[in-house]
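Containing TSV, C-alpha atoms: run-v1.tsv.
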chain	number	residue	atom	x	y	z
Q	620	MET	CA	0.00	0.00	0.00
Q	621	GLY	CA	3.07	2.23	0.44
Q	622	ALA	CA	3.82	4.89	3.01
Q	623	PRO	CA	1.03	7.32	3.88
Q	624	LYS	CA	1.13	10.80	2.38
Q	625	PRO	CA	2.59	13.57	4.54
Q	626	ASP	CA	-0.86	15.07	5.23
Q	627	LEU	CA	-2.31	11.75	6.34
Q	628	ILE	CA	-2.43	10.62	9.96
Q	629	ASP	CA	-2.71	6.98	10.97
Q	630	LEU	CA	-5.45	6.06	13.45
Q	631	ILE	CA	-3.75	3.64	15.81
Q	632	ALA	CA	-5.33	1.01	18.08
Q	633	PRO	CA	-4.28	1.54	21.74
Q	634	LEU	CA	-0.98	-0.12	22.60
Q	635	GLU	CA	-2.39	-1.26	25.95
Q	636	GLN	CA	-5.70	-3.06	26.23
Q	637	GLU	CA	-7.46	-5.07	28.92
Q	638	GLY	CA	-9.10	-8.20	27.60
Q	639	THR	CA	-8.42	-11.16	25.41
Q	640	LYS	CA	-8.89	-9.39	22.06
Q	641	ALA	CA	-10.01	-6.08	20.65
Q	642	ILE	CA	-12.26	-5.96	17.61
Q	643	VAL	CA	-13.60	-3.12	15.51
Q	644	ARG	CA	-17.19	-2.82	16.66
Q	645	THR	CA	-18.51	0.27	14.84
Q	646	TRP	CA	-17.22	2.84	12.37
Q	647	PHE	CA	-19.03	6.14	12.91
Q	648	LYS	CA	-17.72	7.73	9.72
Q	649	ALA	CA	-17.37	6.56	6.11
Q	650	PRO	CA	-14.43	7.41	3.84
Q	651	GLY	CA	-14.87	10.91	2.46
Q	652	GLU	CA	-16.86	12.19	5.45
Q	653	HIS	CA	-15.73	15.24	7.41
Q	654	VAL	CA	-14.90	14.90	11.11
Q	655	GLU	CA	-14.30	17.46	13.83
Q	656	GLU	CA	-11.43	17.33	16.29
Q	657	GLY	CA	-12.32	15.03	19.17
Q	658	GLU	CA	-15.24	13.45	17.32
Q	659	ALA	CA	-15.49	9.67	17.68
Q	660	LEU	CA	-14.40	7.83	14.54
Q	661	VAL	CA	-14.42	4.18	15.50
Q	662	GLU	CA	-15.31	2.03	18.50
Q	663	LEU	CA	-13.20	-0.93	19.62
Q	664	GLU	CA	-14.49	-3.58	22.01
Q	665	THR	CA	-12.90	-6.26	24.18
Q	666	ASP	CA	-14.61	-8.62	26.59
Q	667	LYS	CA	-14.29	-5.93	29.24
Q	668	VAL	CA	-14.74	-2.47	27.80
Q	669	ALA	CA	-15.61	-0.50	24.67
Q	670	VAL	CA	-13.24	2.30	23.62
Q	671	GLU	CA	-13.92	5.10	21.17
Q	672	ILE	CA	-11.02	6.37	19.05
Q	673	ALA	CA	-11.42	10.10	18.45
Q	674	ALA	CA	-10.12	12.25	15.60
Q	675	PRO	CA	-6.89	14.05	16.61
Q	676	GLY	CA	-7.95	17.00	14.47
Q	677	ALA	CA	-10.54	18.22	11.98
Q	678	GLY	CA	-10.35	16.70	8.53
Q	679	VAL	CA	-11.63	13.91	6.33
Q	680	LEU	CA	-11.54	10.16	6.87
Q	681	VAL	CA	-9.62	8.87	3.86
Q	682	GLU	CA	-9.74	5.11	4.35
Q	683	ARG	CA	-10.71	2.38	6.78
Q	684	LEU	CA	-8.10	-0.37	6.85
Q	685	LEU	CA	-9.99	-2.61	9.28
Q	686	ALA	CA	-13.64	-3.52	8.83
Q	687	GLU	CA	-16.26	-3.99	11.52
Q	688	GLY	CA	-15.68	-7.37	13.10
Q	689	ASP	CA	-11.93	-7.40	12.32
Q	690	GLU	CA	-9.46	-7.95	15.14
Q	691	ALA	CA	-7.47	-4.85	16.09
Q	692	THR	CA	-4.13	-5.80	17.59
Q	693	PRO	CA	-2.37	-3.20	19.78
Q	694	GLY	CA	-0.66	-0.62	17.59
Q	695	SER	CA	-2.41	-1.68	14.38
Q	696	VAL	CA	-3.52	0.98	11.89
Q	697	LEU	CA	-7.31	1.27	11.87
Q	698	GLY	CA	-7.61	3.87	9.15
Q	699	ARG	CA	-6.20	7.17	7.92
Q	700	LEU	CA	-7.31	10.75	8.39
Q	701	SER	CA	-6.41	13.75	6.23
Q	702	LEU	CA	-6.13	16.76	8.52
Q	703	GLY	CA	-7.55	20.05	7.28
Q	704	ALA	CA	-9.03	18.46	4.17
Q	705	GLU	CA	-12.50	19.21	2.85
Q	706	PRO	CA	-15.13	16.46	2.37
Q	707	LEU	CA	-14.44	14.38	-0.72
Q	708	ALA	CA	-16.86	14.54	-3.62
Q	709	MET	CA	-18.45	11.11	-3.82
Q	710	GLU	CA	-20.33	10.12	-6.98
Q	711	GLY	CA	-21.96	7.16	-5.28
Q	712	PRO	CA	-22.38	5.85	-1.76
Q	713	ALA	CA	-19.28	5.48	0.39
Q	714	PRO	CA	-17.52	2.15	-0.06
Q	715	SER	CA	-18.50	-0.36	2.57
Q	716	PRO	CA	-15.98	-2.60	4.39
Q	717	GLN	CA	-18.34	-5.48	3.60
Q	718	ALA	CA	-15.79	-6.94	1.18
Q	719	GLN	CA	-13.13	-7.06	3.90
Q	720	ASP	CA	-15.68	-8.27	6.42
Q	721	ASP	CA	-16.92	-11.24	4.43
Q	722	GLY	CA	-14.06	-11.97	2.07
Q	723	HIS	CA	-16.37	-11.24	-0.92
Q	724	SER	CA	-16.90	-8.18	-3.03
Q	725	SER	CA	-19.93	-6.05	-2.27
Q	726	ALA	CA	-22.76	-6.42	-4.74
Q	727	PRO	CA	-24.51	-3.28	-5.98
Q	728	ALA	CA	-28.01	-2.54	-4.77
Q	729	SER	CA	-30.68	-4.27	-6.79
Q	730	ALA	CA	-34.43	-4.56	-6.85
Q	731	GLU	CA	-34.13	-7.66	-4.66
Q	732	GLN	CA	-32.20	-5.79	-1.98
Q	733	PRO	CA	-34.44	-4.96	1.02
Q	734	SER	CA	-35.69	-1.37	0.99
Q	735	TRP	CA	-34.51	-0.81	4.54
Q	736	ASP	CA	-30.90	-1.48	3.45
Q	737	ARG	CA	-31.01	1.72	1.42
Q	738	GLU	CA	-33.16	3.80	3.77
Q	739	ILE	CA	-31.60	3.09	7.16
Q	740	ARG	CA	-27.91	3.61	7.85
Q	741	LEU	CA	-26.61	0.29	9.15
Q	742	SER	CA	-23.20	-1.18	9.74
Q	743	PRO	CA	-22.25	-4.26	7.70
Q	744	SER	CA	-22.35	-6.53	10.76
Q	745	VAL	CA	-25.86	-5.31	11.65
Q	746	ARG	CA	-27.00	-5.85	8.04
Q	747	ARG	CA	-25.76	-9.44	8.13
Q	748	LEU	CA	-27.49	-10.13	11.43
Q	749	LEU	CA	-30.77	-8.68	10.13
Q	750	ALA	CA	-30.53	-10.82	7.01
Q	751	GLU	CA	-29.74	-13.97	9.01
Q	752	SER	CA	-32.54	-13.44	11.54
Q	753	GLY	CA	-35.18	-12.12	9.14
Q	754	VAL	CA	-35.87	-9.11	11.35
Q	755	ASP	CA	-37.18	-5.94	9.69
Q	756	PRO	CA	-35.38	-2.97	11.31
Q	757	VAL	CA	-38.16	-0.51	10.46
Q	758	GLY	CA	-39.66	0.61	13.76
Q	759	LEU	CA	-36.83	-0.73	15.93
Q	760	VAL	CA	-35.29	1.76	18.35
Q	761	GLY	CA	-31.50	1.94	18.18
Q	762	THR	CA	-29.38	2.43	21.30
Q	763	GLY	CA	-26.15	3.18	19.48
Q	764	ARG	CA	-24.57	6.48	18.63
Q	765	ASP	CA	-27.04	8.93	17.06
Q	766	GLY	CA	-29.79	6.35	17.56
Q	767	ARG	CA	-28.25	3.79	15.23
Q	768	LEU	CA	-29.17	0.13	15.49
Q	769	THR	CA	-26.51	-2.09	17.07
Q	770	ARG	CA	-26.02	-5.85	16.99
Q	771	GLU	CA	-27.29	-5.94	20.58
Q	772	ASP	CA	-30.52	-4.18	19.54
Q	773	VAL	CA	-31.17	-6.78	16.84
Q	774	ALA	CA	-30.24	-9.69	19.14
Q	775	ALA	CA	-32.63	-8.35	21.78
Q	776	GLU	CA	-35.45	-8.23	19.22
Q	777	VAL	CA	-34.65	-11.78	18.12
Q	778	ALA	CA	-34.78	-12.94	21.75
Q	779	ARG	CA	-38.07	-11.11	22.31
Q	780	ARG	CA	-39.65	-12.80	19.32
Q	781	ALA	CA	-38.31	-16.17	20.39
Q	782	ALA	CA	-40.05	-15.77	23.75
Q	783	SER	CA	-43.37	-14.80	22.16
Q	784	PRO	CA	-46.06	-17.48	22.80
Q	785	ALA	CA	-47.54	-16.84	19.36
Q	786	ARG	CA	-44.21	-17.62	17.70
Q	787	VAL	CA	-43.69	-20.78	19.73
Q	788	GLU	CA	-47.19	-22.01	18.80
Q	789	ARG	CA	-46.56	-21.28	15.13
Q	790	LEU	CA	-43.24	-23.09	15.04
Q	791	ALA	CA	-44.27	-26.16	17.03
Q	792	PRO	CA	-45.48	-29.09	14.87
Q	793	ARG	CA	-48.90	-30.60	15.55
Q	794	SER	CA	-47.48	-34.02	16.44
Q	795	PRO	CA	-43.94	-33.19	17.46
Q	796	THR	CA	-41.17	-35.74	17.50
Q	797	PRO	CA	-38.01	-35.05	19.55
Q	798	ALA	CA	-36.09	-34.28	16.36
Q	799	ALA	CA	-38.82	-31.98	15.08
Q	800	VAL	CA	-39.05	-30.08	18.35
Q	801	ALA	CA	-35.30	-29.67	18.54
Q	802	GLY	CA	-35.07	-28.48	14.97
Q	803	GLU	CA	-38.19	-26.36	14.57
Q	804	ASN	CA	-39.30	-25.06	17.96
Q	805	SER	CA	-36.13	-23.06	18.46
Q	806	GLN	CA	-34.54	-19.77	17.60
Q	807	ARG	CA	-30.92	-18.90	16.84
Q	808	ILE	CA	-29.69	-15.93	18.85
Q	809	PRO	CA	-26.29	-14.75	17.55
Q	810	HIS	CA	-23.58	-14.12	20.12
Q	811	ASP	CA	-22.70	-10.50	20.63
Q	812	THR	CA	-19.07	-9.43	20.76
Q	813	MET	CA	-18.82	-9.26	24.54
Q	814	ARG	CA	-20.25	-12.77	24.99
Q	815	ARG	CA	-17.77	-14.20	22.48
Q	816	ARG	CA	-14.83	-12.50	24.17
Q	817	ILE	CA	-15.96	-13.68	27.62
Q	818	ALA	CA	-16.25	-17.24	26.31
Q	819	GLU	CA	-12.72	-17.13	24.91
Q	820	HIS	CA	-11.34	-15.68	28.15
Q	821	MET	CA	-13.03	-18.29	30.32
Q	822	ALA	CA	-11.94	-21.20	28.13
Q	823	HIS	CA	-8.37	-19.91	28.14
Q	824	SER	CA	-8.33	-19.66	31.94
Q	825	LEU	CA	-9.51	-23.24	32.41
Q	826	ALA	CA	-7.01	-24.46	29.82
Q	827	VAL	CA	-3.93	-22.89	31.41
Q	828	ALA	CA	-4.69	-22.97	35.16
Q	829	PRO	CA	-5.43	-26.05	37.30
Q	830	HIS	CA	-8.36	-24.83	39.41
Q	831	VAL	CA	-8.87	-25.89	43.04
Q	832	THR	CA	-11.57	-24.47	45.33
Q	833	ALA	CA	-11.77	-24.26	49.14
Q	834	VAL	CA	-15.02	-23.27	50.91
Q	835	PHE	CA	-15.43	-21.65	54.33
Q	836	GLU	CA	-18.45	-20.20	56.12
Q	837	ALA	CA	-18.51	-16.61	57.38
Q	838	ASP	CA	-20.72	-15.07	60.08
Q	839	PHE	CA	-21.77	-11.55	59.04
Q	840	SER	CA	-23.17	-10.53	62.44
Q	841	ALA	CA	-20.38	-8.02	63.16
Q	842	ILE	CA	-20.58	-6.55	59.66
Q	843	ILE	CA	-24.35	-6.15	59.87
Q	844	ALA	CA	-24.07	-4.38	63.23
Q	845	HIS	CA	-21.36	-2.01	61.98
Q	846	ARG	CA	-23.26	-1.23	58.78
Q	847	LYS	CA	-26.42	-0.50	60.75
Q	848	SER	CA	-24.52	2.01	62.92
Q	849	HIS	CA	-22.66	3.77	60.09
Q	850	ARG	CA	-24.91	3.53	57.06
Q	851	ALA	CA	-26.63	6.88	57.67
Q	852	ALA	CA	-23.31	8.69	58.10
Q	853	PHE	CA	-22.11	7.32	54.75
Q	854	GLU	CA	-25.37	8.31	53.06
Q	855	LYS	CA	-24.92	11.90	54.26
Q	856	GLN	CA	-21.74	11.93	52.19
Q	857	GLY	CA	-23.58	10.52	49.19
Q	858	VAL	CA	-22.05	7.05	49.49
Q	859	ALA	CA	-23.87	3.73	49.86
Q	860	LEU	CA	-22.26	1.41	52.43
Q	861	THR	CA	-22.61	-2.03	50.91
Q	862	TYR	CA	-21.48	-5.44	52.11
Q	863	THR	CA	-19.12	-5.55	49.14
Q	864	ALA	CA	-17.11	-2.68	50.63
Q	865	TYR	CA	-16.45	-4.76	53.75
Q	866	ILE	CA	-15.54	-7.76	51.61
Q	867	VAL	CA	-12.97	-5.72	49.67
Q	868	ALA	CA	-11.50	-4.40	52.93
Q	869	ALA	CA	-11.29	-7.93	54.39
Q	870	CYS	CA	-9.54	-9.16	51.22
Q	871	VAL	CA	-6.86	-6.51	51.69
Q	872	GLN	CA	-6.12	-7.69	55.23
Q	873	ALA	CA	-6.17	-11.37	54.23
Q	874	MET	CA	-3.38	-10.82	51.70
Q	875	ALA	CA	-0.87	-10.59	54.55
Q	876	ALA	CA	-1.64	-14.21	55.47
Q	877	ALA	CA	-0.84	-15.48	51.95
Q	878	PRO	CA	0.81	-12.82	49.75
Q	879	ALA	CA	0.98	-15.18	46.76
Q	880	VAL	CA	-2.78	-14.80	46.34
Q	881	ASN	CA	-1.96	-11.31	45.02
Q	882	SER	CA	0.38	-12.49	42.28
Q	883	ARG	CA	0.80	-13.47	38.65
Q	884	TRP	CA	2.31	-16.69	37.31
Q	885	TYR	CA	5.00	-16.75	34.61
Q	886	ASP	CA	6.80	-19.80	33.28
Q	887	ASP	CA	10.09	-18.83	34.99
Q	888	HIS	CA	8.98	-16.71	37.95
Q	889	LEU	CA	6.13	-15.48	40.17
Q	890	GLU	CA	5.37	-11.76	40.29
Q	891	LEU	CA	4.15	-10.59	43.72
Q	892	PHE	CA	2.36	-7.25	43.69
Q	893	GLY	CA	2.73	-4.55	46.33
Q	894	ASP	CA	-0.47	-2.79	45.29
Q	895	ILE	CA	-3.71	-4.67	45.83
Q	896	ASN	CA	-5.98	-3.90	42.86
Q	897	ILE	CA	-9.28	-5.69	43.44
Q	898	GLY	CA	-11.74	-6.23	40.61
Q	899	VAL	CA	-15.42	-6.67	41.44
Q	900	GLY	CA	-17.54	-8.63	38.98
Q	901	THR	CA	-20.49	-6.51	37.86
Q	902	ALA	CA	-23.37	-8.12	36.00
Q	903	LEU	CA	-24.72	-6.33	32.92
Q	904	GLY	CA	-27.85	-8.44	32.54
Q	905	ASP	CA	-27.91	-10.52	29.36
Q	906	LYS	CA	-24.92	-8.62	27.99
Q	907	GLY	CA	-22.50	-10.45	30.30
Q	908	LEU	CA	-20.12	-9.45	33.05
Q	909	ILE	CA	-17.52	-6.75	33.45
Q	910	VAL	CA	-14.89	-6.35	36.18
Q	911	PRO	CA	-14.10	-2.75	37.18
Q	912	VAL	CA	-11.04	-2.50	39.42
Q	913	ILE	CA	-10.59	-0.77	42.79
Q	914	HIS	CA	-6.96	0.27	42.39
Q	915	CYS	CA	-4.65	0.40	45.43
Q	916	ALA	CA	-7.41	-0.82	47.74
Q	917	ASN	CA	-4.70	-1.31	50.37
Q	918	THR	CA	-4.40	2.49	50.68
Q	919	LEU	CA	-8.12	3.17	51.09
Q	920	SER	CA	-10.36	3.45	54.15
Q	921	LEU	CA	-13.77	1.78	54.24
Q	922	LEU	CA	-15.27	5.08	53.06
Q	923	GLY	CA	-12.74	5.27	50.22
Q	924	ILE	CA	-13.51	1.73	49.12
Q	925	ALA	CA	-17.27	2.31	49.24
Q	926	THR	CA	-16.88	5.52	47.23
Q	927	ARG	CA	-14.78	3.85	44.51
Q	928	LEU	CA	-17.18	0.92	44.34
Q	929	GLN	CA	-20.17	3.18	43.85
Q	930	GLU	CA	-18.45	5.25	41.16
Q	931	THR	CA	-17.14	2.32	39.12
Q	932	THR	CA	-20.33	0.28	39.39
Q	933	GLU	CA	-22.43	3.22	38.17
Q	934	ARG	CA	-20.08	3.79	35.23
Q	935	ALA	CA	-20.07	0.07	34.39
Q	936	ARG	CA	-23.86	-0.17	34.22
Q	937	ALA	CA	-24.03	3.06	32.20
Q	938	GLY	CA	-21.45	1.72	29.73
Q	939	LYS	CA	-19.03	4.55	30.54
Q	940	LEU	CA	-16.00	2.65	31.84
Q	941	THR	CA	-12.61	3.68	30.51
Q	942	PRO	CA	-9.75	1.24	29.79
Q	943	GLY	CA	-8.09	2.40	33.02
Q	944	ASP	CA	-11.13	1.30	35.02
Q	945	VAL	CA	-10.59	-2.37	34.11
Q	946	GLN	CA	-6.81	-2.60	33.80
Q	947	ASN	CA	-4.13	-3.96	36.14
Q	948	GLY	CA	-6.34	-5.99	38.46
Q	949	THR	CA	-4.44	-8.36	40.76
Q	950	PHE	CA	-7.37	-10.13	42.44
Q	951	THR	CA	-11.10	-10.51	41.73
Q	952	ILE	CA	-14.30	-10.89	43.76
Q	953	SER	CA	-17.39	-12.66	42.42
Q	954	ASN	CA	-20.32	-11.84	44.70
Q	955	HIS	CA	-22.58	-14.42	43.10
Q	956	GLY	CA	-24.81	-14.56	46.19
Q	957	VAL	CA	-26.60	-11.37	45.15
Q	958	SER	CA	-28.48	-13.45	42.56
Q	959	GLY	CA	-29.30	-16.24	45.02
Q	960	SER	CA	-26.42	-18.69	44.61
Q	961	LEU	CA	-25.20	-20.44	47.78
Q	962	ILE	CA	-21.99	-21.95	46.41
Q	963	ALA	CA	-20.31	-21.74	43.00
Q	964	ALA	CA	-17.20	-23.82	42.38
Q	965	PRO	CA	-14.87	-23.45	40.78
Q	966	ILE	CA	-15.31	-19.81	39.93
Q	967	ILE	CA	-13.10	-19.34	36.89
Q	968	ILE	CA	-9.99	-17.30	37.64
Q	969	ASN	CA	-9.69	-13.95	35.87
Q	970	GLN	CA	-6.44	-14.67	34.06
Q	971	PRO	CA	-3.62	-13.86	34.48
Q	972	GLN	CA	-4.46	-13.53	38.18
Q	973	SER	CA	-3.84	-16.38	40.63
Q	974	ALA	CA	-7.11	-16.56	42.59
Q	975	ILE	CA	-10.71	-15.39	42.79
Q	976	LEU	CA	-13.02	-15.04	45.79
Q	977	GLY	CA	-16.62	-16.21	45.63
Q	978	VAL	CA	-19.24	-14.95	48.09
Q	979	GLY	CA	-22.55	-16.82	48.32
Q	980	LYS	CA	-25.99	-15.75	49.43
Q	981	LEU	CA	-26.23	-14.26	52.93
Q	982	GLU	CA	-29.00	-16.01	54.85
Q	983	LYS	CA	-29.97	-16.90	58.41
Q	984	ARG	CA	-29.02	-20.45	59.46
Q	985	VAL	CA	-29.26	-22.48	62.64
Q	986	VAL	CA	-25.83	-23.23	64.10
Q	987	VAL	CA	-24.35	-24.58	67.31
Q	988	ARG	CA	-22.02	-22.27	69.25
Q	989	ASP	CA	-20.03	-22.85	72.42
Q	990	VAL	CA	-21.17	-20.40	75.10
Q	991	GLY	CA	-19.30	-20.79	78.38
Q	992	GLY	CA	-18.51	-24.41	77.64
Q	993	VAL	CA	-22.14	-25.23	76.79
Q	994	ASP	CA	-23.50	-25.88	73.34
Q	995	SER	CA	-26.00	-23.25	72.29
Q	996	ILE	CA	-28.32	-23.39	69.27
Q	997	GLN	CA	-28.37	-19.98	67.60
Q	998	ILE	CA	-29.63	-18.28	64.44
Q	999	ARG	CA	-26.83	-16.47	62.61
Q	1000	PRO	CA	-26.47	-14.59	59.27
Q	1001	LEU	CA	-24.04	-16.79	57.34
Q	1002	ALA	CA	-22.61	-17.01	53.84
Q	1003	TYR	CA	-20.32	-19.52	52.15
Q	1004	VAL	CA	-17.09	-17.97	50.90
Q	1005	SER	CA	-14.79	-19.76	48.50
Q	1006	LEU	CA	-11.33	-19.19	47.10
Q	1007	SER	CA	-10.61	-20.73	43.72
Q	1008	ILE	CA	-6.86	-20.86	43.12
Q	1009	ASP	CA	-4.35	-21.54	40.39
Q	1010	HIS	CA	-2.69	-24.66	41.82
Q	1011	ARG	CA	0.54	-23.77	40.03
Q	1012	VAL	CA	0.80	-20.77	42.36
Q	1013	LEU	CA	-0.94	-21.75	45.57
Q	1014	ASP	CA	-1.32	-24.85	47.71
Q	1015	GLY	CA	-4.01	-25.87	50.19
Q	1016	ALA	CA	-2.23	-24.46	53.22
Q	1017	GLN	CA	-1.91	-20.98	51.70
Q	1018	THR	CA	-5.49	-21.09	50.46
Q	1019	ASN	CA	-6.87	-22.02	53.88
Q	1020	ALA	CA	-4.66	-19.46	55.62
Q	1021	TRP	CA	-6.02	-16.73	53.37
Q	1022	LEU	CA	-9.64	-17.77	53.90
Q	1023	SER	CA	-9.15	-18.14	57.65
Q	1024	ARG	CA	-7.87	-14.59	57.93
Q	1025	PHE	CA	-10.58	-13.27	55.60
Q	1026	VAL	CA	-13.33	-14.84	57.72
Q	1027	GLU	CA	-11.68	-13.66	60.93
Q	1028	VAL	CA	-11.68	-10.04	59.72
Q	1029	LEU	CA	-15.37	-10.19	58.86
Q	1030	GLU	CA	-16.39	-11.88	62.11
Q	1031	THR	CA	-14.35	-9.58	64.40
Q	1032	TRP	CA	-15.08	-6.27	62.70
Q	1033	PRO	CA	-15.00	-3.60	65.43
Q	1034	SER	CA	-18.35	-2.05	66.20
With the file now loaded, output its structure as structure tokens.
Amino acid sequence: MGAPKPDLIDLIAPLEQEGTKAIVRTWFKAPGEHVEEGEALVELETDKVAVEIAAPGAGVLVERLLAEGDEATPGSVLGRLSLGAEPLAMEGPAPSPQAQDDGHSSAPASAEQPSWDREIRLSPSVRRLLAESGVDPVGLVGTGRDGRLTREDVAAEVARRAASPARVERLAPRSPTPAAVAGENSQRIPHDTMRRRIAEHMAHSLAVAPHVTAVFEADFSAIIAHRKSHRAAFEKQGVALTYTAYIVAACVQAMAAAPAVNSRWYDDHLELFGDINIGVGTALGDKGLIVPVIHCANTLSLLGIATRLQETTERARAGKLTPGDVQNGTFTISNHGVSGSLIAAPIIINQPQSAILGVGKLEKRVVVRDVGGVDSIQIRPLAYVSLSIDHRVLDGAQTNAWLSRFVEVLETWPS
């Protein structure tokens, strides 16, 4: 292709990314279109965060070297921008990256082409998904930039139709056989980008790390009492005091009992981290899971932890996380109990970390306690807590030492 002209600027994919892969999710401009300085040109997505690449100056997008759906390796050239240029005169519609996307040349519009393809501005990946699913985009509300339809919008519509009783009745045969039911009374729902990246990340973790899980039980009585006494004071400062804040704080103290929990495995060495950067799994509904990170949690008070948690969780659910919000985690918490789970094992480690904490549902249980040498039957608020480890890094003794200290911190929290 040769070296770019002097007035052209390469649009470069970030050199640092958090996630298994980055792909080109959406181009906001076509070749020949004018852009303002700071205006978003293209969106990249990993399994953890979406990143918009903005124009470094006003000009014209000259070419797009990567199509929607292509992998964008760190430092790769996404496209080229001509600074200070005026919009190009285009005799026909802007060329689509469909040819790069599919490996075939784009066919010109014909009478057989759906009318919506010419009337509604859609990305190539959204067009393909509409064609595969048979969904008519007319009337659908887009949640993308400038109200554009996204793959997630189409997938949501496909799922809605699949759940419609009328559709199930229409698809089901009158005298169904197992094969007929499996083949006809079903609906294909394409994976979105985040789900595919999560799947790859999880499969990679299980492939490289031998997982082992230990389970303890924690009494939350002291935490509940402290939260009851201090919740109002936190709320006056605009901060919600959640159980997760206590869990993060207890993790920090437990690291002293087994520092290797806060580490990363390499083939020839183990890297122990001084900073404790704790990621907290945050569910995004059907869209998957993201893990914003509380950086340097070891330097924060309970108020500081609660504040960071609230800020990052709100940004995660609003889709406004930055790459820095999900980078450099050294340990992860999966509070799966909030959705009703008692125990989950093993919880897959967030590679390349060495361990992940699981916290189950908090519920009242009947237990036996020694009171003055006499057994006493009591009702206590308990939750199962688990530590899934990379057995290359940690052994049972270190795992149990970490969990013992973690539970001790929770159960002896000063009032």
Fill in: 10 Å contact set for range 862-877 of chain Q, all atoms listed in the file, chain neighbours under 6 positions out, as an MDAnalysis selection string
chainID Q and resid 839 842:843 845:846 894:899 913 915:929 950:954 976 978 1013 1016:1029 1032
In Å and to one decimal, CA of Pro633 in chain Q is distant from CA of His823 in chain Q by 22.8 Å
With distances taken over all atoms listed in the file, which residue among Q:Ala837, Q:Ala775, Q:Ala851, Q:Leu634 lies nearest Arg984 in chain Q?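 Comparing Q:Ala837, Q:Ala775, Q:Ala851, Q:Leu634 against Arg984 in chain Q, the winner is Q:Ala837.
In this model, the gap between CA of Ser995 in chain Q and CA of Ala833 in chain Q comes to 27.2 Å.
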With 8 Å added on each side, what axis-aligned box encloses every listed atom of range 811-824 of chain Q? Give the centre and edge lengths in Å to one decimal, as lines of an AutoDock Vina configuration file.
center_x = -15.5
center_y = -15.2
center_z = 26.3
size_x = 30.4
size_y = 27.9
size_z = 27.3
Worksheet item: Smallest atom-to-atom distance to Arg746 in chain Q: which of Q:Leu903, Q:Glu687, Q:Leu940, Q:Gly698, using only C-alpha atoms?
Response: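 So, comparing all the options, the nearest one is Q:Glu687.
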Counting only C-alpha atoms, closest pick from Q:Thr949, Q:Ser840, Q:Thr901, Q:Thr762 relative to Thr931 in chain Q is Q:Thr901
re CA of Glu662 in chain Q and CA of Trp646 in chain Q: distance 6.5 Å
For Val777 in chain Q: contacts at 10 Å, only C-alpha atoms, fewer than 3 positions along chain excluded, given as a compact mmCIF listing (two decimals) with C-alpha atoms, in the frame of the given file:
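Final output, saved to out_38.txt:
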# COMPACT_ATOMS: atom_id res chain seq x y z
CA LEU Q 748 -27.49 -10.13 11.43
CA LEU Q 749 -30.77 -8.68 10.13
CA SER Q 752 -32.54 -13.44 11.54
CA GLY Q 753 -35.18 -12.12 9.14
CA VAL Q 754 -35.87 -9.11 11.35
CA GLU Q 771 -27.29 -5.94 20.58
CA ASP Q 772 -30.52 -4.18 19.54
CA VAL Q 773 -31.17 -6.78 16.84
CA ALA Q 774 -30.24 -9.69 19.14
CA ARG Q 780 -39.65 -12.80 19.32
CA ALA Q 781 -38.31 -16.17 20.39
CA ALA Q 782 -40.05 -15.77 23.75
CA GLN Q 806 -34.54 -19.77 17.60
CA ARG Q 807 -30.92 -18.90 16.84
CA ILE Q 808 -29.69 -15.93 18.85
CA PRO Q 809 -26.29 -14.75 17.55
What's around Ser1005 in chain Q at 9 Å? Count only C-alpha atoms, leave out sequence neighbours fewer than 3 positions away in its own chain, and write the answer as a PDB file with C-alpha atoms, in the frame of the given file.
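Saved file selection20.pdb follows:
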ATOM      1  CA  THR Q 832     -11.570 -24.470  45.330  1.00  0.00           C
ATOM      2  CA  ALA Q 833     -11.770 -24.260  49.140  1.00  0.00           C
ATOM      3  CA  VAL Q 834     -15.020 -23.270  50.910  1.00  0.00           C
ATOM      4  CA  PHE Q 835     -15.430 -21.650  54.330  1.00  0.00           C
ATOM      5  CA  GLU Q 836     -18.450 -20.200  56.120  1.00  0.00           C
ATOM      6  CA  ILE Q 962     -21.990 -21.950  46.410  1.00  0.00           C
ATOM      7  CA  ALA Q 963     -20.310 -21.740  43.000  1.00  0.00           C
ATOM      8  CA  ALA Q 964     -17.200 -23.820  42.380  1.00  0.00           C
ATOM      9  CA  PRO Q 965     -14.870 -23.450  40.780  1.00  0.00           C
ATOM     10  CA  ILE Q 966     -15.310 -19.810  39.930  1.00  0.00           C
ATOM     11  CA  ILE Q 975     -10.710 -15.390  42.790  1.00  0.00           C
ATOM     12  CA  LEU Q 976     -13.020 -15.040  45.790  1.00  0.00           C
ATOM     13  CA  GLY Q 977     -16.620 -16.210  45.630  1.00  0.00           C
ATOM     14  CA  VAL Q 978     -19.240 -14.950  48.090  1.00  0.00           C
ATOM     15  CA  GLY Q 979     -22.550 -16.820  48.320  1.00  0.00           C
ATOM     16  CA  LEU Q1022      -9.640 -17.770  53.900  1.00  0.00           C
TER      17      LEU Q1022
END
| message | Calculated over all atoms listed in the file, which of the candidates Q:Asn881, Q:Thr665, Q:Arg779, Q:Val679 has the smallest distance to His653 in chain Q? | response |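 Answer, going by the shortest atom-to-atom distance: Q:Val679.
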**OP:** In the coordinate frame of the file, compute which residues have an atom within 8 Å of (1.9, -1.2, 17.4) when using only C-alpha atoms, and state them as a PyMOL selection string.
**Re:** chain Q and resi 631-632+634+692-695
Exercise. Using all atoms listed in the file, find the one residue out of Q:Gly900, Q:Pro675, Q:Pro829, Q:Pro942 that sits nearest to Ala641 in chain Q.
Key: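 With all atoms listed in the file as the atom set, the closest residue is Q:Pro942.
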